Structures are given as C-alpha cells and as structure tokens.
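The next block holds one structure in the form of structure tokens; read it before the comments.
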Amino acid sequence: MKYPMNVIAGVSVLLSSPVMSSSFSPAVFGRATTTPSANFSNEGAKNGERMTLLLRGGSEDDSSNSINSAVNGGGGVALSAVSNGGEAEETANAPSTTTSSSSTKAKGVGPNAPPPGLIRRLFPKFPWHELPNYLTYARCISIPIFLGLSYYPVIMPNRAPVLSLLFALASITDWFDGFLARRWDVTSPFGAFLDPVADKLMVSTALIVLAGRYGGICAIPAAIIMAREVGVSALREWMAQRGARDSVKVGMQGKVKTALTMVSITLMLLVPEGVGLESVGWTKYLGVLGVGGAGNVVEGVVNDGFAAVLGPSLMMLFASAVVTITSGSVYFRAAAPALMGKE
C-alpha cells in the first residue's frame with residue numbers, strides 16, 4: 001500500500017519533533033496516572049491537538065496557542081486532517097474579534113455619524129439623536145414668548161436687547177439643528193416638516209411686530225418676504241407631488257436671503273423704544289414712509305438699546321427683499337416647464 005508523500009513527510013516531522021518525544025515520555029504517563037480523569041482528558045486533547053497541527057505543517061507555537069484557546073473556554077478551533085489527496089480541511093468556530101461599531105457610537109445616531117465627542121461621552125444616556133428636534137421645538141415655543149414680550153410688561157427698559165437676543169438664539173438654532181442632523185446622520189419625518197415651518201413662523205412674527213412699530217417702511221419689505229415664502233412653499237409642495245421637488249430645492253440665493261433677513265431683524269430689534277425714523281437721515285426723502293417708529297414711550301423711563309443700528313438694519317431689510325424676489329424667480333423659472341404643461 002502506497003501512502004501520499006505529504007503524509008509520510010508529516011509523520012516524519014511528528015516523530016522528530018520534541019513534542020512527540022515529550023508526549024510519550026514516562027514522566028507524562030506518570031502524571032497521567034496520578035491525576036483525575038478530567039485532567040487526563042485535557043492532556044490527551046492537548047497532545048491530539050499538537051499532533052494534528054504538526055501534521056498540517058504547523059509549529060510548536062501554533063499548537064500551544066490553539067490548545068490554550070480550547071482548554072480555557074475561548075471557543076476552540078476544530079481541526080481535522082483529511083487524507084483526501086493529502087489536503088487538510090479546517091473548520092473555525094472561534095468568536096469574532098471585530099469590535100461592533102455600535103459600541104463606538106451613541107445610541108440612535110446614524111451609521112455615518114462620527115465617534116462621540118467629549119460632551120456626548122460625559123452624558124451617554126442623553127438622547128442626542130433627538131437634539132435637533134428639541135431645538136426645533138424650542139424655536140416654536142419661543143414664538144409666543146417673543147410676541148408677548150414685544151408688548152408686555154408695558155414698562156420694560158431692557159425690552160430691545162431681550163427681544164433681539166431671543167430672536168438671535170432662535171435664528172442660531174435654525175442653523176444648528178440642521179448641522180447636527182447632517183453630522184449625526186439623523187432624520188425624522190416630523191423634524192423635516194417642522195424645521196422650515198418654525199423658521200418661517202419666527203421670521204413672520206418678528207416682521208409683523210416691526211411693521212407695526214415702524215409702519216410702511218418696514219411693512220413693504222415684510223409683505224414681499226412673506227408673500228415669497230407662501231408662494232415658494234406652495235410651489236415646492238406642488239412639485240413634490242409631481243416627484244420633481246429637487247428642481248426647486250434651496251439654493252445659495254435662498255440661504256443669502258435667510259441670513260440677510262435674520263441679521264436685519266436682529267439689529268432692528270436692538271433699537272430701543274422712543275427712537276423713531278426721524279433719527280435716520282435718508283428716511284426724510286421717503287415722505288410718509290419715513291415718519292414714525294417711536295414705539296411705547298413712558299415718561300421718565302430710559303430704554304436700553306442701540307439707536308445707531310436702525311439705519312443699517314433698514315437697508316439690510318431692503319436688500320433682503322430684493323434677494324427674496326430674485327431667488328423666488330429662480331425657483332419659478334426652474335418649475336416653469338411643469339407649470340406651463342410642457343413636460
């Protein structure tokens with residue numbers, strides 16, 4: 001009977017190895033007869049593992065590592081030498097050493113989110129994936145607070161800086177919640193709906209308050225801005241029904257318009273009550289539009305604020321109205337083929 005050459009070579013290596021000589025030494029058998037049966041089984045398993053690994057061309061270090069893994073309950077490796085043309089077959093049941101990605105990410109964030117930073121590690125139980133929605137909710141809640149503080153209490157010397165700060169914080173959350181949603185790869189249908197609505201409600205409320213204080217010079221750009229928002233929102237909804245919403249998605253001009261509007265409103269709210277349009281030199285050329293804006297004035301009460309920003313903030317509001325018209329026209333031109341029934 002002829003044996004394959006690789007089997008003969010494997011047996012030769014086995015017989016010449018120090019493992020084989022130590023396995024059949026009297027000392028080994030002496031220890032085996034004086035130890036419990038469980039230990040004898042373990043020792044036999046170790047020797048069997050050494051023989052199998054060496055037949056497959058493994059080294060003494062390989063056999064030691066495999067045996068330690070099997071005996072210590074680490075999910076051992078089952079090996080079998082198959083005399084099928086001298087080929088060996090290996091079946092591995094060892095546990096995976098790959099670290100789960102979920103252990104390095106906060107619960108609820110998307111798969112593309114970066115590893116948690118310092119603050120997220122300090123508060124691991126906080127639902128960080130809900131923070132963008134919380135910011136949107138806070139912006140909605142600030143609208144009635146802003147409206148109430150615009151008129152009450154009647155005597156409120158620091159009304160201007162308080163209203164300006166409140167509107168500025170709401171404007172910052174409009175950017176910040178979108179930034180966090182993109183960074184953490186989290187979205188929700190309700191958040192996607194409420195975020196632009198909260199933005200428009202806050203801006204519209206502030207514009208109405210300012211138009212009531214300063215009259216036509218503020219009411220005209222406010223009407224242009226609000227009319228554009230209604231028209232573009234309706235256009236986007238209609239295009240979405242046709243499956244072509246991407247053709248009217250927010251562009252750079254729209255972002256510039258939003259930034260100009262929010263900055264101009266923030267500055268106008270800083271102007272204290274009692275400072276009218278007469279304090280701005282160029283408003284005298286506007287006729288009836290350049291009169292008014294004193295607001296609630298109480299005798300003996302000095303209101304806080306920055307009167308010098310009224311002129312620049314009015315100019316920014318007019319610039320925002322111009323960009324509002326141009327950016328709105330871009331959206332309607334993009335949707336013109338669908339509106340005219342040409343596609």
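Starting from 1 in every chain, residues are counted up; chains themselves are A, B, ... following the order of the structure tokens, and ligands are numbered from 1 as listed.
Near Ile225 of chain A, within a cut-off of 6 Å and counting only C-alpha atoms, sit the residues Ala222, Arg228 and Ala321 of chain A, with same-chain residues fewer than 3 positions away left out.
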Output N, CA, C and O atoms of each residue in that selection to a file, as a PDB file, in the first residue's frame.
ATOM      1  N   ALA A 222     -41.550  93.553   4.436  1.00  0.00           N
ATOM      2  CA  ALA A 222     -42.106  92.403   5.155  1.00  0.00           C
ATOM      3  C   ALA A 222     -43.148  91.682   4.307  1.00  0.00           C
ATOM      4  O   ALA A 222     -43.186  90.442   4.257  1.00  0.00           O
ATOM      5  N   ARG A 228     -43.412  85.897  -0.775  1.00  0.00           N
ATOM      6  CA  ARG A 228     -42.492  84.965  -1.447  1.00  0.00           C
ATOM      7  C   ARG A 228     -42.459  83.627  -0.731  1.00  0.00           C
ATOM      8  O   ARG A 228     -42.436  82.563  -1.374  1.00  0.00           O
ATOM      9  N   ALA A 321     -35.238  91.998   0.806  1.00  0.00           N
ATOM     10  CA  ALA A 321     -36.430  91.952  -0.047  1.00  0.00           C
ATOM     11  C   ALA A 321     -36.042  91.793  -1.518  1.00  0.00           C
ATOM     12  O   ALA A 321     -36.710  91.062  -2.266  1.00  0.00           O
TER      13      ALA A 321
END
Handout entry: Non-local contacts of Asp304 of chain A (10 Å; only C-alpha atoms; under 4 positions in same chain excluded) as a PyMOL selection string
Key = chain A and resi 156-162+270-273
Exercise for the section: May I have the residues within 8 Å of Lys249 of chain A as a ChimeraX atom specification, using only C-alpha atoms and disregarding those fewer than 3 positions away in the same chain? Expected result: /A:236,245-246
Practice task
Provide the atom CA of Met239 of chain A to atom CA of Phe193 of chain A distance in Å, to one decimal place.
Solution key: 15.8 Å
Practice task
Between atom CA of Phe167 of chain A and atom CA of Thr258 of chain A, measure the distance and give it in Å to one decimal.
Solution key: 13.5 Å
Problem - Secondary structure check, alpha helix (DSSP H) residues of segment 141-260 of chain A, as a PyMOL selection string - result: chain A and resi 141-149+159-183+189-214+216-241+252-260
Exercise for the section: Find the residues near segment 120-134 of chain A: any atom within 6 Å, counting only C-alpha atoms, skip ones fewer than 2 places away on the same chain, and give them as a list in words. Expected result: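 Within the cut-off, the hits are Gly108, Val109, Pro116, Gly117, Leu118, Thr136, Tyr137, Asp177 and Gly191 of chain A.
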Just write the chosen residues, C-alpha atoms, as an mmCIF file, in the first residue's frame.
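Ended up saving to selection_33.cif:
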data_model
loop_
_atom_site.group_PDB
_atom_site.id
_atom_site.type_symbol
_atom_site.label_atom_id
_atom_site.label_comp_id
_atom_site.auth_asym_id
_atom_site.auth_seq_id
_atom_site.Cartn_x
_atom_site.Cartn_y
_atom_site.Cartn_z
ATOM 1 C CA GLY A 108 -29.799 56.358 17.895
ATOM 2 C CA VAL A 109 -27.335 58.215 15.656
ATOM 3 C CA PRO A 116 -18.842 60.523 20.285
ATOM 4 C CA GLY A 117 -17.047 63.663 21.421
ATOM 5 C CA LEU A 118 -16.336 64.805 24.974
ATOM 6 C CA THR A 136 -36.843 72.975 16.614
ATOM 7 C CA TYR A 137 -39.398 72.604 19.412
ATOM 8 C CA ASP A 177 -30.327 71.769 14.268
ATOM 9 C CA GLY A 191 -38.482 67.184 12.086
#
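Compared by their closest atoms to Phe179 of chain A, and using only C-alpha atoms, the residues A:Leu163, A:Leu135, A:Ala206, A:Leu147 rank with A:Leu135 nearest.
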Exercise for the section: Write out as a ChimeraX atom specification which residues come within 12 Å of Val230 of chain A when counting only C-alpha atoms, dropping same-chain ones fewer than 4 positions away. Expected result: /A:196-197,200-201,204,223-226,234-237,324,328
Practice task
Write down as an MDAnalysis selection string the residues belonging to segment 73-321 of chain A that are assigned strand (DSSP E) by DSSP computed on the backbone.
Solution key: chainID A and resid 78:84 87:91
